[in-house]
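final_2.txt (compact mmCIF, C-alpha atoms and all ligand atoms) appears below.
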```txt
# COMPACT_ATOMS: atom_id res chain seq x y z
CA MET A 281 -81.49 -8.80 11.36
CA PHE A 282 -80.57 -11.04 8.49
CA GLU A 283 -80.31 -14.79 8.95
CA PHE A 284 -77.23 -16.41 7.46
CA LEU A 285 -78.16 -19.78 6.15
CA LYS A 286 -75.56 -20.61 3.55
CA ARG A 287 -72.10 -21.73 4.49
CA GLY A 288 -69.02 -22.20 2.37
CA PRO A 289 -65.38 -21.20 1.94
CA GLU A 290 -65.25 -17.71 3.43
CA ILE A 291 -62.96 -14.71 3.69
CA ARG A 292 -61.51 -14.75 7.15
CA LEU A 293 -62.16 -11.62 9.15
CA GLY A 294 -59.60 -12.59 11.77
CA ASN A 295 -60.63 -13.33 15.30
CA GLU A 296 -62.15 -9.94 15.85
CA LYS A 297 -65.54 -8.95 14.63
CA TYR A 298 -65.81 -5.85 12.50
CA ILE A 299 -67.75 -2.80 13.65
CA CYS A 300 -70.33 -1.36 11.25
CA PRO A 301 -69.48 2.38 10.97
CA TYR A 302 -73.18 3.24 10.64
CA CYS A 303 -74.98 1.24 13.34
CA PHE A 304 -71.93 0.27 15.42
CA GLU A 305 -73.01 -3.31 15.93
CA ARG A 306 -70.28 -5.92 15.75
CA PHE A 307 -70.51 -8.74 13.19
CA ASP A 308 -68.37 -11.51 11.83
CA LYS A 309 -70.46 -11.84 8.66
CA TYR A 310 -71.44 -9.33 6.03
CA ALA A 311 -74.34 -9.48 3.58
CA PHE A 312 -74.53 -8.63 -0.14
CA GLN A 313 -76.78 -6.22 -1.98
CA CYS A 314 -77.71 -6.76 -5.61
CA SER A 315 -76.59 -3.78 -7.70
CA ASN A 316 -78.63 -4.62 -10.79
CA ASN A 317 -81.13 -1.77 -11.30
CA ARG A 318 -83.69 -3.99 -12.98
CA CYS A 319 -83.62 -6.69 -10.29
CA LYS A 320 -86.73 -6.72 -8.12
CA GLY A 321 -85.07 -8.75 -5.41
CA LYS A 322 -88.13 -10.71 -4.43
CA ALA A 323 -86.49 -14.11 -4.68
CA THR A 324 -86.32 -16.36 -1.67
CA GLY A 325 -83.43 -15.33 0.51
CA ALA A 326 -83.35 -11.69 -0.63
CA SER A 327 -84.99 -8.85 1.27
CA ASN A 328 -86.90 -6.01 -0.38
CA ASP A 329 -83.67 -4.01 -0.30
CA LYS A 330 -82.18 -6.74 -2.43
CA VAL A 331 -79.96 -7.75 0.46
CA PHE A 332 -79.21 -11.42 0.78
CA ALA A 333 -77.06 -13.70 2.85
CA ALA A 334 -74.02 -15.36 1.31
CA PRO A 335 -70.69 -16.65 2.54
CA ASN A 336 -68.00 -14.04 3.27
CA LYS A 337 -66.45 -13.97 -0.19
CA ASP A 338 -65.44 -11.19 -2.60
CA SER A 339 -68.67 -11.42 -4.54
CA ALA A 340 -71.95 -13.31 -4.54
CA VAL A 341 -74.69 -14.20 -7.01
CA CYS A 342 -78.09 -12.57 -6.43
CA PRO A 343 -80.65 -15.30 -5.77
CA ASP A 344 -83.23 -13.37 -7.78
CA CYS A 345 -81.60 -12.12 -11.00
CA LYS A 346 -78.52 -14.35 -10.82
CA GLN A 347 -76.17 -11.41 -11.43
CA ASN A 348 -72.89 -11.14 -9.62
CA THR A 349 -72.51 -8.35 -7.06
CA PHE A 350 -69.51 -7.00 -5.17
CA LYS A 351 -71.49 -4.72 -2.88
CA LYS A 352 -70.98 -5.78 0.73
CA VAL A 353 -73.42 -4.39 3.25
CA CYS A 354 -74.10 -4.51 6.97
CA PRO A 355 -76.57 -7.35 7.74
CA LYS A 356 -78.49 -5.10 10.11
CA CYS A 357 -78.64 -1.59 8.66
CA TYR A 358 -77.90 -2.54 5.01
CA GLN A 359 -75.37 0.28 4.58
CA GLU A 360 -72.47 -0.40 2.23
CA LEU A 361 -69.28 -1.38 4.06
CA PRO A 362 -65.88 0.00 3.09
CA GLU A 363 -63.18 -2.63 2.53
CA SER A 364 -61.19 -1.08 5.38
CA THR A 365 -64.02 -1.78 7.85
CA LEU A 366 -63.65 -5.47 7.17
CA ASP A 367 -59.85 -5.18 7.46
CA HIS A 368 -60.13 -3.32 10.80
CA GLU A 369 -58.37 -0.34 9.24
CA ASP A 370 -61.01 2.30 9.95
CA CYS A 371 -60.04 5.46 11.70
CA ILE A 372 -63.09 6.79 13.55
CA ILE A 373 -62.77 10.45 14.49
CA SER A 374 -65.36 11.93 16.84
CA ILE A 375 -65.74 15.69 16.95
CA VAL A 376 -67.20 16.74 20.28
CA GLY A 377 -67.74 20.07 21.99
CA SER A 378 -70.48 22.19 23.49
CA ARG A 379 -73.26 23.80 21.49
CA ALA A 380 -72.01 26.37 18.96
CA SER A 381 -68.36 25.53 19.62
CA GLY A 382 -67.79 25.34 15.85
CA LYS A 383 -67.89 21.56 15.22
CA SER A 384 -69.91 21.64 11.99
CA HIS A 385 -67.85 24.44 10.45
CA PHE A 386 -64.70 22.58 11.48
CA VAL A 387 -65.77 19.31 9.79
CA GLY A 388 -67.12 21.15 6.75
CA VAL A 389 -63.92 23.10 6.16
CA LEU A 390 -61.56 20.25 7.14
CA ILE A 391 -63.02 17.86 4.54
CA HIS A 392 -62.77 20.55 1.84
CA GLU A 393 -59.14 21.19 2.77
CA MET A 394 -58.32 17.48 2.93
CA ILE A 395 -59.61 17.00 -0.61
CA ASN A 396 -58.09 20.10 -2.16
CA ARG A 397 -54.89 20.85 -0.27
CA ILE A 398 -53.89 18.54 2.58
CA ALA A 399 -54.04 15.08 0.98
CA PRO A 400 -52.38 16.21 -2.29
CA GLY A 401 -49.77 18.25 -0.38
CA MET A 402 -48.82 15.67 2.27
CA SER A 403 -48.26 12.69 0.02
CA HIS A 404 -49.74 13.30 -3.44
CA GLY A 405 -52.71 11.58 -1.89
CA ALA A 406 -56.39 11.64 -2.70
CA PHE A 407 -59.27 12.07 -0.29
CA GLU A 408 -62.41 10.48 -1.73
CA GLY A 409 -65.91 10.13 -0.34
CA PHE A 410 -67.27 6.63 0.15
CA ALA A 411 -70.80 5.68 -1.00
CA ASP A 412 -73.06 8.75 -0.54
CA SER A 413 -70.69 10.60 1.83
CA TYR A 414 -69.45 13.10 -0.75
CA THR A 415 -72.97 14.00 -1.94
CA ARG A 416 -74.17 14.36 1.65
CA TYR A 417 -71.10 16.41 2.48
CA MET A 418 -71.80 18.74 -0.45
CA THR A 419 -75.47 19.18 0.51
CA ASN A 420 -75.03 19.53 4.25
CA PHE A 421 -71.78 21.53 4.32
CA ALA A 422 -70.04 22.68 1.16
CA ASP A 423 -73.06 24.03 -0.72
CA LYS A 424 -73.60 26.37 2.22
CA ILE A 425 -70.19 27.41 3.57
CA TYR A 426 -68.58 27.65 0.15
CA GLN A 427 -71.46 29.79 -1.07
CA GLY A 428 -70.99 32.36 1.69
CA GLN A 429 -73.65 30.99 4.02
CA ALA A 430 -73.12 30.05 7.69
CA LEU A 431 -74.24 26.56 8.75
CA PRO A 432 -77.22 26.22 11.06
CA LEU A 433 -76.72 24.74 14.52
CA SER A 434 -77.04 20.96 14.32
CA GLN A 435 -80.22 19.22 15.35
CA ARG A 436 -80.18 16.12 17.53
CA ALA A 437 -79.13 12.86 15.88
CA GLU A 438 -82.61 11.44 16.34
CA VAL A 439 -84.10 13.97 13.92
CA ASN A 440 -81.19 14.80 11.67
CA ASP A 441 -79.45 12.58 9.13
CA ALA A 442 -76.59 15.09 8.74
CA VAL A 443 -75.55 14.25 12.30
CA ALA A 444 -76.73 10.66 12.69
CA LYS A 445 -74.87 9.35 9.68
CA PRO A 446 -71.09 9.59 9.55
CA TYR A 447 -69.08 11.04 6.67
CA ILE A 448 -66.78 8.33 5.35
CA PHE A 449 -63.71 9.29 3.31
CA LYS A 450 -60.86 7.24 1.95
CA TYR A 451 -57.35 8.62 2.09
CA ARG A 452 -55.25 6.95 -0.56
CA PHE A 453 -51.57 7.73 -1.00
CA GLN A 454 -48.30 6.38 -2.27
CA ASP A 455 -45.89 5.22 0.40
CA PRO A 456 -42.49 6.16 -1.07
CA LYS A 457 -40.57 3.86 1.30
CA LYS A 458 -42.57 0.73 0.70
CA LYS A 459 -43.39 1.70 -2.91
CA LYS A 460 -47.03 0.78 -2.51
CA VAL A 461 -50.37 2.49 -2.18
CA ARG A 462 -51.76 2.83 1.30
CA CYS A 463 -55.42 3.45 2.03
CA TYR A 464 -57.11 4.47 5.24
CA THR A 465 -60.74 5.19 5.81
CA PHE A 466 -61.82 8.08 7.98
CA VAL A 467 -65.20 8.06 9.61
CA PHE A 468 -66.13 11.58 10.79
CA PHE A 469 -68.89 12.22 13.28
CA ASP A 470 -70.19 15.74 13.62
CA THR A 471 -71.93 15.45 16.96
CA ALA A 472 -74.75 17.88 17.78
CA GLY A 473 -73.86 19.79 20.94
CA GLU A 474 -77.42 19.19 22.03
CA ASP A 475 -76.86 15.42 22.05
CA LEU A 476 -74.06 15.84 24.58
CA ARG A 477 -76.08 17.84 27.07
CA ASP A 478 -77.29 15.05 29.29
CA ASP A 479 -76.57 11.40 29.92
CA ASP A 480 -79.82 10.21 28.30
CA ASN A 481 -79.09 11.75 24.95
CA MET A 482 -75.52 10.54 25.12
CA SER A 483 -76.69 7.00 24.40
CA THR A 484 -77.20 8.02 20.77
CA VAL A 485 -73.59 9.04 20.40
CA ASN A 486 -71.85 6.82 22.93
CA LYS A 487 -71.22 3.96 20.57
CA TYR A 488 -69.00 5.87 18.19
CA ILE A 489 -67.23 7.88 20.85
CA CYS A 490 -66.14 4.67 22.59
CA GLU A 491 -64.97 3.12 19.32
CA SER A 492 -63.01 6.20 18.21
CA SER A 493 -59.36 6.11 17.17
CA GLY A 494 -59.18 9.76 18.13
CA ILE A 495 -61.33 12.47 19.65
CA ILE A 496 -61.21 16.07 18.53
CA PHE A 497 -62.53 18.11 21.42
CA LEU A 498 -63.49 21.62 20.32
CA LEU A 499 -63.27 24.25 23.00
CA ASP A 500 -65.17 27.47 22.38
CA PRO A 501 -63.22 30.53 23.56
CA MET A 502 -66.61 31.95 24.57
CA ASN A 503 -66.81 29.21 27.19
CA ILE A 504 -63.72 30.45 29.00
CA GLN A 505 -64.68 33.38 31.21
CA GLY A 506 -61.08 34.59 31.49
CA VAL A 507 -60.85 34.82 27.70
CA VAL A 508 -64.14 36.69 27.32
CA ASN A 509 -63.17 39.10 30.13
CA SER A 510 -59.90 39.97 28.36
CA LEU A 511 -61.69 40.90 25.13
CA ASP A 512 -64.45 43.28 24.17
CA LYS A 513 -67.42 41.19 25.19
CA ASP A 514 -69.84 42.42 22.54
CA TRP A 515 -67.32 42.04 19.79
CA VAL A 516 -66.25 38.54 20.75
CA MET A 517 -69.88 37.54 21.11
CA ARG A 518 -70.63 38.64 17.57
CA ALA A 519 -67.35 37.28 16.25
CA SER A 520 -68.02 33.83 17.58
CA GLY A 521 -71.55 33.48 16.32
CA GLY A 522 -73.60 35.10 19.06
CA VAL A 523 -74.53 31.89 20.85
CA SER A 524 -73.05 31.78 24.29
CA GLU A 525 -73.12 28.54 26.24
CA TYR A 526 -73.10 28.82 30.01
CA GLU A 527 -69.75 28.78 31.76
CA GLY A 528 -68.70 25.22 32.40
CA ALA A 529 -70.46 23.68 29.38
CA ALA A 530 -67.13 22.50 27.99
CA TYR A 531 -66.09 20.95 31.31
CA GLU A 532 -69.37 19.14 31.68
CA ILE A 533 -69.04 17.61 28.25
CA ILE A 534 -65.53 16.34 28.82
CA ILE A 535 -66.64 14.89 32.18
CA ARG A 536 -69.61 13.17 30.54
CA VAL A 537 -67.59 11.84 27.61
CA SER A 538 -64.89 10.53 29.95
CA LYS A 539 -67.43 8.84 32.21
CA LEU A 540 -69.02 7.18 29.21
CA ILE A 541 -65.72 5.80 27.89
CA ARG A 542 -64.66 4.68 31.38
CA ASN A 543 -67.88 2.73 31.87
CA ASN A 544 -67.74 1.26 28.39
CA LYS A 545 -64.10 0.16 28.69
CA LYS A 546 -64.59 -0.87 32.33
CA LEU A 547 -61.65 1.26 33.46
CA LYS A 548 -60.67 1.56 37.11
CA ALA A 549 -60.65 5.01 38.68
CA ASN A 550 -56.84 5.15 38.54
CA GLN A 551 -56.60 4.13 34.88
CA LYS A 552 -56.39 6.73 32.13
CA ILE A 553 -58.30 6.54 28.85
CA ASP A 554 -56.00 5.57 25.98
CA ILE A 555 -57.96 7.23 23.13
CA PRO A 556 -55.84 10.23 22.03
CA VAL A 557 -57.53 13.60 22.45
CA ALA A 558 -56.80 16.71 20.40
CA ALA A 559 -58.03 19.56 22.61
CA VAL A 560 -58.68 22.29 20.08
CA PHE A 561 -59.39 25.92 20.82
CA SER A 562 -61.81 26.87 18.05
CA LYS A 563 -62.43 30.35 16.58
CA TYR A 564 -58.77 31.32 16.95
CA ASP A 565 -59.48 34.45 14.91
CA ALA A 566 -61.70 35.76 17.72
CA PHE A 567 -58.98 35.65 20.42
CA GLU A 568 -55.80 36.10 18.38
CA SER A 569 -55.21 39.45 20.09
CA LEU A 570 -54.54 37.56 23.36
CA VAL A 571 -51.68 35.58 21.85
CA PRO A 572 -48.24 37.20 22.38
CA ASP A 573 -46.31 38.35 19.31
CA GLY A 574 -43.77 35.82 18.11
CA SER A 575 -45.92 32.86 19.18
CA ARG A 576 -45.76 29.81 16.97
CA VAL A 577 -49.54 29.52 16.76
CA LYS A 578 -49.64 32.84 14.85
CA GLN A 579 -47.66 31.33 12.00
CA ALA A 580 -49.30 29.24 9.31
CA SER A 581 -49.28 25.48 9.78
CA PRO A 582 -46.00 24.03 8.42
CA HIS A 583 -46.88 20.36 7.88
CA VAL A 584 -48.39 20.44 4.40
CA LYS A 585 -45.76 22.89 3.18
CA VAL A 586 -42.90 20.55 4.03
CA GLY A 587 -44.90 17.41 3.23
CA LYS A 588 -44.49 15.77 6.62
CA PHE A 589 -45.65 16.20 10.20
CA VAL A 590 -43.46 18.72 12.07
CA GLU A 591 -43.49 17.43 15.65
CA GLU A 592 -41.51 20.39 16.95
CA ASP A 593 -44.27 22.76 15.81
CA ARG A 594 -46.92 20.65 17.56
CA VAL A 595 -44.92 20.75 20.81
CA ALA A 596 -44.56 24.56 20.62
CA VAL A 597 -48.28 25.16 19.92
CA ASN A 598 -49.27 22.69 22.65
CA ARG A 599 -47.21 24.65 25.17
CA GLU A 600 -48.53 28.04 24.06
CA ILE A 601 -52.20 27.05 24.22
CA GLU A 602 -51.86 25.23 27.54
CA THR A 603 -50.18 28.34 28.98
CA LEU A 604 -52.93 30.57 27.60
CA LEU A 605 -55.64 28.38 29.13
CA GLN A 606 -53.89 28.38 32.49
CA ASP A 607 -53.32 32.15 32.38
CA LYS A 608 -57.03 32.63 31.68
CA GLY A 609 -58.03 30.51 34.66
CA ALA A 610 -59.19 27.45 32.70
CA THR A 611 -57.29 25.07 34.98
CA ALA A 612 -60.43 22.99 35.58
CA PHE A 613 -60.27 22.07 31.91
CA THR A 614 -56.54 21.35 31.73
CA SER A 615 -56.59 19.17 34.84
CA LEU A 616 -59.59 17.21 33.57
CA LEU A 617 -57.59 16.26 30.50
CA GLU A 618 -54.46 15.51 32.48
CA ASN A 619 -56.29 13.23 34.90
CA ASN A 620 -58.40 11.32 32.39
CA TYR A 621 -56.33 10.87 29.23
CA SER A 622 -52.91 9.35 28.67
CA THR A 623 -52.33 11.11 25.33
CA TYR A 624 -53.54 14.61 24.53
CA SER A 625 -52.31 17.79 22.91
CA TYR A 626 -53.57 21.37 22.65
CA PHE A 627 -54.22 23.10 19.34
CA ALA A 628 -55.85 26.30 18.12
CA VAL A 629 -57.68 26.59 14.81
CA SER A 630 -59.87 28.98 12.93
CA SER A 631 -62.16 27.26 10.45
CA LEU A 632 -63.36 30.48 8.86
CA GLY A 633 -60.02 32.29 8.87
CA LEU A 634 -58.62 35.55 10.14
CA ASP A 635 -60.89 38.58 9.58
CA ASN A 636 -63.62 36.35 8.29
CA ASN A 637 -65.98 35.87 11.20
CA PRO A 638 -69.68 36.54 11.58
CA SER A 639 -68.96 40.03 13.00
CA SER A 640 -67.32 41.29 9.82
CA ASN A 641 -69.90 42.36 7.33
CA ARG A 642 -68.64 40.05 4.68
CA PHE A 643 -68.36 36.32 4.96
CA ASP A 644 -65.72 35.10 2.55
CA ILE A 645 -65.06 31.59 1.47
CA PRO A 646 -63.25 30.02 4.44
CA HIS A 647 -59.47 30.43 4.45
CA PRO A 648 -58.72 28.45 7.61
CA HIS A 649 -55.83 28.78 10.00
CA ARG A 650 -54.09 25.55 11.17
CA ILE A 651 -57.22 23.46 10.62
CA GLU A 652 -55.16 20.40 9.64
CA ASP A 653 -53.03 20.23 12.79
CA PRO A 654 -55.31 18.11 15.04
CA LEU A 655 -56.13 15.50 12.39
CA LEU A 656 -52.54 15.19 11.13
CA TRP A 657 -51.36 14.69 14.71
CA LEU A 658 -53.95 11.96 15.32
CA MET A 659 -52.84 10.31 12.07
CA LYS A 660 -49.19 10.63 13.01
CA ILE A 661 -49.54 9.00 16.42
CA GLY A 662 -51.84 6.35 14.93
CA GLY A 663 -49.08 5.36 12.47
CA LYS A 664 -51.10 6.58 9.49
CA LEU A 665 -48.62 9.07 8.04
CA VAL A 666 -45.36 8.21 6.31
N1 LIG B 1 -65.09 33.56 14.65
C1 LIG B 1 -65.35 32.31 14.28
N2 LIG B 1 -66.59 31.84 14.39
C2 LIG B 1 -66.81 30.57 14.03
C3 LIG B 1 -65.80 29.70 13.53
N3 LIG B 1 -66.35 28.50 13.28
C4 LIG B 1 -67.64 28.59 13.59
N4 LIG B 1 -67.94 29.83 14.04
C5 LIG B 1 -69.25 30.35 14.44
O1 LIG B 1 -69.73 29.62 15.56
C6 LIG B 1 -71.13 29.39 15.47
C7 LIG B 1 -71.43 27.93 15.69
O2 LIG B 1 -70.78 27.14 14.72
P1 LIG B 1 -71.20 25.62 14.43
O3 LIG B 1 -70.12 25.04 13.59
O4 LIG B 1 -72.57 25.54 13.90
O5 LIG B 1 -71.17 25.00 15.90
P2 LIG B 1 -71.50 23.50 16.37
O6 LIG B 1 -70.46 23.13 17.36
O7 LIG B 1 -71.65 22.61 15.19
O8 LIG B 1 -72.88 23.70 17.12
P3 LIG B 1 -74.01 22.56 17.41
O9 LIG B 1 -74.30 21.93 16.09
O10 LIG B 1 -75.16 23.29 17.97
O11 LIG B 1 -73.45 21.62 18.40
C8 LIG B 1 -71.55 29.90 14.08
O12 LIG B 1 -72.18 31.13 14.23
C9 LIG B 1 -70.26 30.09 13.33
O13 LIG B 1 -70.30 31.15 12.44
C10 LIG B 1 -64.48 30.25 13.40
O14 LIG B 1 -63.53 29.62 12.96
N5 LIG B 1 -64.33 31.56 13.79
MG MG B 2 -73.20 21.45 14.47
ZN ZN B 3 -74.84 -1.44 10.34
ZN ZN B 4 -80.58 -9.15 -8.22
```

What is this file in C-alpha cells?
Ligand SMILES: Nc1nc2c(ncn2[C@@H]2O[C@H](COP(=O)(O)OP(=O)(O)OP(=O)(O)O)[C@@H](O)[C@H]2O)c(=O)[nH]1
Ligand SMILES: [Mg+2]
Ligand SMILES: [Zn+2]
Ligand SMILES: [Zn+2]
Amino acid sequence: MFEFLKRGPEIRLGNEKYICPYCFERFDKYAFQCSNNRCKGKATGASNDKVFAAPNKDSAVCPDCKQNTFKKVCPKCYQELPESTLDHEDCIISIVGSRASGKSHFVGVLIHEMINRIAPGMSHGAFEGFADSYTRYMTNFADKIYQGQALPLSQRAEVNDAVAKPYIFKYRFQDPKKKKVRCYTFVFFDTAGEDLRDDDNMSTVNKYICESSGIIFLLDPMNIQGVVNSLDKDWVMRASGGVSEYEGAAYEIIIRVSKLIRNNKKLKANQKIDIPVAAVFSKYDAFESLVPDGSRVKQASPHVKVGKFVEEDRVAVNREIETLLQDKGATAFTSLLENNYSTYSYFAVSSLGLDNNPSSNRFDIPHPHRIEDPLLWLMKIGGKLV
C-alpha cells in the first residue's frame, strides 16, 4: 500500500470513501501514475510502476521527470480509476448464474450490442471502453463469438484475468431535457460459475456482488427439470451447450449469494435485500416452443426502437416468465426471490439468437433476442435513463 506523505489543497471526495472497481478496497485518497514513456520513475516517492503519492487534485507533477500527469490510480492495485468512481457514479453489474448458464456469451453479446445498437438507439449515446477494457473485451469475447467460435467455459477468478478483472465501459449521452451530457460508468463482472460453487470460493467474488447496483441472475433452462421434461431432452441438451448442471444448482447459487449479501450488509432475517435483481431465463431460443403464441416475450424488444424504456412491456414479460416458471414447477426459485429481494423482475433472453444455437450445424454471428431488457430495466430503476 502506498504511503501518502504530502498534504495540500485537495479535491473533496465527499464524506464517503470511493470503492476501487478492481480491488474493491475503499479509499479516500487516490495516487498518480506518470504517463511519460521515457520516465524511469525511480525518484524518491515514486514506485517502480511510476506511481506516486500526491494530494487529491486534478493533476500532479511526477517527482522523477517533473512532467505533469492526469492519470489517477488506485493506491493499492495501481489500476487507473475512472472519474465516475471518484464521483460515486459507478454502476456495478454482477452477472451470476450456475456453470454453463450462458453468462460469458451474455456479457460478450451485450457489450457488442450496447456499442453498436443500444446506446446509439436509446439516446444517440456512445458506449466506450475505459483503459484496457475494450482491448480485453475484444480478445476475450468479440474475437471469438463474432468470428463464429463459441466461448470456452470460464476458469476460476484466481487463474483467469478474463474473469478476475471487470470490464469497464462509459455510457455517454445527451440529456435532451437538461441539455447536457450525462456519463455513467458500467463495471461488468462475468463471474465463473465455478467460483460460485461453494462458500470458500465465494470470497473471491463476494466483494463486488455486495457492492453491486444491480445483479443479473442468469437461469439456465436446463436447470429446470419441468422445462427439460417438456422438451426433447437430447435436443435441448445439444441446443444449450451440452453441459448440464445438476438440478438445484441455480437455487443453491441464489441461496449462497443472498446469504453473502445478508451477512455483508448485516441484515436481519426479516429484512429483504435492496439490490435489484433481474432474474433472466437464458437460452430463450432453446425453450421458445413452450411459450404460448401471442406472448409478449416472443416479440422483439421495443425499448431501443422507441428510444425509451417501455415499462408496460417489462410488466408483461415479467408475468409471462413467472407463470412459465411456476407452471414448470420452479416454485422453489420464485419463492427464493420473493422472500429475499425487495425489487426483482423476470426476463428471458437469447444471446445467440433464434435458430442459432450449438445444435444447429452453423453458428452465425449472434443476433440476440431481448438481450437489452435486463440492463435497461436496471438503468431505468437506478435513474440512469432519461
Ligand atoms: N441455445 C443457446 N445456447 C447458449 C446461449 N448462450 C450460451 N449458450 C451455450 O451455453 C454454453 C455455456 O455458455 P457460457 O456463456 O460459456 O456459460 P457461463 O455461464 O459463462 O459458464 P461458466 O463460465 O462455466 O460459469 C455454451 O455452450 C453456449 O454455446 C444462447 O443464447 N442460446
Ligand atoms: Mg463463463
Ligand atoms: Zn484497487
Ligand atoms: Zn515521470

List as a compact mmCIF listing (two decimals) with C-alpha atoms, in the coordinates of the input the protein and nucleic acid residues lying within 6 Å of ligand MG 2 (chain B), with all atoms listed in the file counted.
```txt
# COMPACT_ATOMS: atom_id res chain seq x y z
CA LYS A 383 -67.89 21.56 15.22
CA SER A 384 -69.91 21.64 11.99
CA LEU A 433 -76.72 24.74 14.52
CA SER A 434 -77.04 20.96 14.32
CA ALA A 472 -74.75 17.88 17.78
```

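Listed by chain and then residue number, the contacts of ligand ZN 3 (chain B) are A:Ile299, A:Cys300, A:Pro301, A:Tyr302, A:Cys303, A:Phe304, A:Glu305, A:Arg306, A:Phe307, A:Val353, A:Cys354, A:Pro355, A:Lys356, A:Cys357, A:Tyr358, A:Gln359, A:Glu360, A:Leu361 (distance at most 9 Å, using all atoms listed in the file).
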
Quiz prompt | Within 8 Å of ligand LIG 1 (chain B) (only C-alpha atoms and all ligand atoms), residues as an NGL selection string | solution = :A and (376-386 or 430-435 or 470-475 or 498 or 516 or 519-523 or 562-566 or 629-634 or 636-639 or 648)

Quiz prompt | Contacts of ligand ZN 4 (chain B), 9 Å or closer, all atoms listed in the file, given as a ChimeraX atom specification | solution = /A:313-323,326,330-331,341-349

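Across A:Leu547, A:Met418, A:Ala340, A:Ile541, the tightest approach to Glu491 (chain A) is made by A:Ile541 when counting only C-alpha atoms.
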
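One finds CA of Ala549 (chain A) at 25.3 Å from CA of Ile372 (chain A).
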
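Taking CA of Asp308 (chain A) and CA of Ser374 (chain A) as the two end points, the separation is 24.2 Å.
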
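Using all atoms listed in the file, the shortest contact distance between Tyr531 (chain A) and any of A:Thr603, A:Ser339, A:Asn550, A:Thr611 is found at A:Thr611.
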
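You will find CA of Glu532 (chain A) at 13.5 Å from CA of Asn620 (chain A).
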
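For the choices A:Ala406, A:Ile375, A:Met502, A:Met517, the atom-to-atom distance to Phe453 (chain A) is smallest for A:Ala406 when using only C-alpha atoms.
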
Can you list, as a PDB file with C-alpha atoms, in the frame of the given file, every protein, DNA or RNA residue that comes within 12 Å of Gln551 (chain A) when you count only C-alpha atoms, leaving out same-chain residues fewer than 3 positions away?
```
ATOM      1  CA  SER A 538     -64.890  10.530  29.950  1.00  0.00           C
ATOM      2  CA  ILE A 541     -65.720   5.800  27.890  1.00  0.00           C
ATOM      3  CA  ARG A 542     -64.660   4.680  31.380  1.00  0.00           C
ATOM      4  CA  ASN A 543     -67.880   2.730  31.870  1.00  0.00           C
ATOM      5  CA  LYS A 545     -64.100   0.160  28.690  1.00  0.00           C
ATOM      6  CA  LYS A 546     -64.590  -0.870  32.330  1.00  0.00           C
ATOM      7  CA  LEU A 547     -61.650   1.260  33.460  1.00  0.00           C
ATOM      8  CA  LYS A 548     -60.670   1.560  37.110  1.00  0.00           C
ATOM      9  CA  ASP A 554     -56.000   5.570  25.980  1.00  0.00           C
ATOM     10  CA  GLU A 618     -54.460  15.510  32.480  1.00  0.00           C
ATOM     11  CA  ASN A 619     -56.290  13.230  34.900  1.00  0.00           C
ATOM     12  CA  ASN A 620     -58.400  11.320  32.390  1.00  0.00           C
ATOM     13  CA  TYR A 621     -56.330  10.870  29.230  1.00  0.00           C
ATOM     14  CA  SER A 622     -52.910   9.350  28.670  1.00  0.00           C
TER      15      SER A 622
END
```
